[in-house]
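Worksheet: one structure, shown below.
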Amino acid sequence: MTTSLVTGATAGIGAAFARRLAAGGTSKGGGRWGGHRLVLVARDEQRLAETAEELRRRYGATVEVLPADLAGDEGIAAVEARLRDPEHPVDVLVNNAGFGNRGGFLDVPVEDEVRMLKVHCEAVLRLTAAATPQMRARGRGYVVNVASVAAFMPRGTYAASKAWVVRFTEGLATEMRGSGVRFLALCPGFVRTEFHDRAGMDASRLPSWAWLDADAVVATALRDLARGRTVSVPDVRYKIAVGLARHVPSSLFGAASSRTGRRYDPRGGASGAGK
Ligand SMILES: NC(=O)c1ccc[n+]([C@@H]2O[C@H](COP(=O)([O-])OP(=O)(O)OC[C@H]3O[C@@H](n4cnc5c(N)ncnc54)[C@H](OP(=O)(O)O)[C@@H]3O)[C@@H](O)[C@H]2O)c1
């Protein structure tokens with residue numbers, strides 16, 4: 001039986017990962033994802049319990065819940081301990097929990113930016129470090145780190161934290177090639193989740209074509225993982241955007257994406273484009 005641990009599993013992209021892994025479906029590109037044991041991580045205990053119950057009822061999955069705040073050392077340590085448990089090894093780690101801060105760099109309290117780095121970078125680093133030794137010893141394992149297309153754009157702390165996630169993941173994939181452990185950085189564009197509401201961002205003026213569906217994003221990610229890719233950018237429109245961002249000088253692309261950001265967040269915050 002495959003065991004998957006998903007952080008931020010109660011909403012949005014994390015909940016879509018949990019559903020897909022609980023269902024144990026076969027990805028198009030080959031590879032069976034699954035099984036039926038899941039470990040769900042998030043802060044809200046009641047939501048965790050409800051999500052777990054739904055997955056048991058719909059898919060007959062075995063589900064553990066692990067309430068933890070990944071912005072704090074205690075929460076990270078609790079998840080590290082679960083990942084190191086030799087009696088109950090984890091085969092698939094999905095580092096997905098994350099959030100946005102509304103506003104430009106000078107508008108956001110520096111403590112909130114540091115919290116973001118803790119969740120997006122330190123927690124991802126520590127949980128990956130806790131999970132991979134056992135995976136390597138077994139010669140099999142998967143780590144999916146949820147980044148963003150913002151990783152390829154010069155767009156404040158959020159984008160910088162996601163750029164770190166992409167580089168970190170690419171580095172590990174190279175270093176551990178041939179070990180049986182695979183790594184994927186998932187880089188979606190705008191996905192319909194609770195992300196923007198939670199951050200107080202008004203995304204209502206974004207055109208409908210810009211939005212991706214969380215289940216489709218997860219299906220693409222698992223297909224790319226099965227194919228041995230290291231970076232997954234779901235949807236051709238965002239693939240083109242990332243291709244442009246990689247070849248157009250940062251100063252030009254930054255200005256264009258900043259204008260998009262202001263349109264997208266008309267209440268004044270200049271951050272948020274390409275979350
Ligand atoms: N939505 C987008 O447009 C988009 C695009 C690209 C990338 N992403 C990335 O995708 C990931 C998931 O975002 P989403 O859009 O699915 O967001 P979401 O709908 O707001 O869900 C966030 C999940 O993370 C959990 N979470 C938040 N802070 C946490 C913390 N400190 N400790 C533990 N769990 C925490 C939340 O549960 P609790 O509140 O109960 O903790 C929830 O389960 C993030 O890394 C985000 O940066 C999102």
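In the structure tokens, each chain is lettered A, B, ... as it comes, each chain's residues begin at 1, and ligands are numbered from 1 in order of appearance.
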Collect all residues with atoms no farther than 6 Å from ligand 1, counting only C-alpha atoms and all ligand atoms, and output them as a ChimeraX atom specification. /A:8-14,42-44,68-71,96-99,119,146-148,188-195,275
If we count only C-alpha atoms and set the cut-off at 8 Å, which residues sit around Val6 in chain A, ignoring sequence neighbours fewer than 5 positions away in its own chain? Please answer as a ChimeraX atom specification. /A:14,17-18,38-41,93-96
Write the residues of the preceding selection, restricted to N, CA and C atoms, as a PDB file, in the first residue's frame.
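Writing done, so here's part_20.pdb:
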ATOM      1  N   GLY A  14      -4.057  21.145  -2.626  1.00  0.00           N
ATOM      2  CA  GLY A  14      -3.733  20.046  -1.703  1.00  0.00           C
ATOM      3  C   GLY A  14      -4.891  19.067  -1.571  1.00  0.00           C
ATOM      4  N   PHE A  17      -4.942  16.946  -4.616  1.00  0.00           N
ATOM      5  CA  PHE A  17      -3.937  15.875  -4.515  1.00  0.00           C
ATOM      6  C   PHE A  17      -4.463  14.746  -3.631  1.00  0.00           C
ATOM      7  N   ALA A  18      -5.041  15.112  -2.490  1.00  0.00           N
ATOM      8  CA  ALA A  18      -5.523  14.088  -1.557  1.00  0.00           C
ATOM      9  C   ALA A  18      -6.584  13.215  -2.216  1.00  0.00           C
ATOM     10  N   LEU A  38      -3.413   7.813   3.519  1.00  0.00           N
ATOM     11  CA  LEU A  38      -3.063   9.228   3.372  1.00  0.00           C
ATOM     12  C   LEU A  38      -2.793   9.843   4.732  1.00  0.00           C
ATOM     13  N   VAL A  39      -1.865  10.780   4.763  1.00  0.00           N
ATOM     14  CA  VAL A  39      -1.637  11.586   5.965  1.00  0.00           C
ATOM     15  C   VAL A  39      -1.906  13.032   5.554  1.00  0.00           C
ATOM     16  N   LEU A  40      -2.905  13.622   6.180  1.00  0.00           N
ATOM     17  CA  LEU A  40      -3.313  14.979   5.812  1.00  0.00           C
ATOM     18  C   LEU A  40      -2.797  15.979   6.836  1.00  0.00           C
ATOM     19  N   VAL A  41      -2.137  17.017   6.361  1.00  0.00           N
ATOM     20  CA  VAL A  41      -1.576  18.046   7.247  1.00  0.00           C
ATOM     21  C   VAL A  41      -2.217  19.392   6.927  1.00  0.00           C
ATOM     22  N   LEU A  93       5.508  12.409  -0.863  1.00  0.00           N
ATOM     23  CA  LEU A  93       5.398  13.637  -0.055  1.00  0.00           C
ATOM     24  C   LEU A  93       4.983  14.768  -0.984  1.00  0.00           C
ATOM     25  N   VAL A  94       3.889  15.444  -0.635  1.00  0.00           N
ATOM     26  CA  VAL A  94       3.465  16.605  -1.418  1.00  0.00           C
ATOM     27  C   VAL A  94       3.568  17.840  -0.520  1.00  0.00           C
ATOM     28  N   ASN A  95       4.586  18.644  -0.765  1.00  0.00           N
ATOM     29  CA  ASN A  95       4.770  19.907  -0.039  1.00  0.00           C
ATOM     30  C   ASN A  95       3.953  20.970  -0.756  1.00  0.00           C
ATOM     31  N   ASN A  96       2.743  21.176  -0.269  1.00  0.00           N
ATOM     32  CA  ASN A  96       1.817  22.047  -0.991  1.00  0.00           C
ATOM     33  C   ASN A  96       1.394  23.287  -0.194  1.00  0.00           C
TER      34      ASN A  96
END
Hey, which of A:Gly156, A:Pro234, A:Gly139, A:Gly100 ends up closest to Leu222 in chain A? Count only C-alpha atoms. A:Pro234
From a backbone DSSP assignment, name each residue in range 77-191 of chain A labelled strand (DSSP E or B), as an MDAnalysis selection string. chainID A and resid 92:95 141:146 181:186 191
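Minimum atom-to-atom distances from A:Pro154, A:Gly141, A:Gly75, A:Gly180 to Glu122 in chain A were compared using only C-alpha atoms, and the lowest value belongs to A:Gly75.
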Could you work out how far CA of Met116 in chain A lies from CA of Ser161 in chain A, giving the answer in Å with one decimal? 7.9 Å
Write out as a list in words which residues come within 12 Å of Arg177 in chain A when counting only C-alpha atoms, dropping same-chain ones fewer than 6 positions away.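 Once the nearby chain positions are removed, what remains is Arg136, Gly139, Arg140, Gly141, Thr169, Glu170, Gly171, Phe183, Gly228, Arg229 and Thr230 of chain A.
Pairwise distance (CA of Pro67 in chain A, CA of Ala16 in chain A) equals 18.3 Å.
Among the candidate residues A:Val231, A:Ala216, A:Ala23, A:Val79, the one lying nearest to Arg57 in chain A is A:Ala23, with distances computed using only C-alpha atoms.
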Could you pull the residues within 12 Å of Ala160 in chain A, counting only C-alpha atoms, minus those fewer than 5 positions along the same chain, as a VMD selection string? chain A and resid 105 113 116 to 117 120 to 121 147 to 155 165 to 167 275
Select, from A:Val181, A:Met201, A:Leu206, A:Cys187, the residue with the minimum atom-to-atom distance to Ala226 in chain A, counting only C-alpha atoms. A:Val181
Point-to-point distance from CA of Val143 in chain A to CA of Leu184 in chain A, Å rounded to tenths: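 Calculated distance between CA of Val143 in chain A and CA of Leu184 in chain A is 6.3 Å.
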Asp197 in chain A proximity check over A:Ala49, A:Thr3, A:Gly60, A:Arg102, using only C-alpha atoms: winner is A:Arg102
Measuring between only C-alpha atoms, which one of A:Thr2, A:Ser232, A:Asn101, A:Thr51 shows the shortest distance to Val144 in chain A?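 The shortest atom-to-atom distance to Val144 in chain A comes from A:Ser232.
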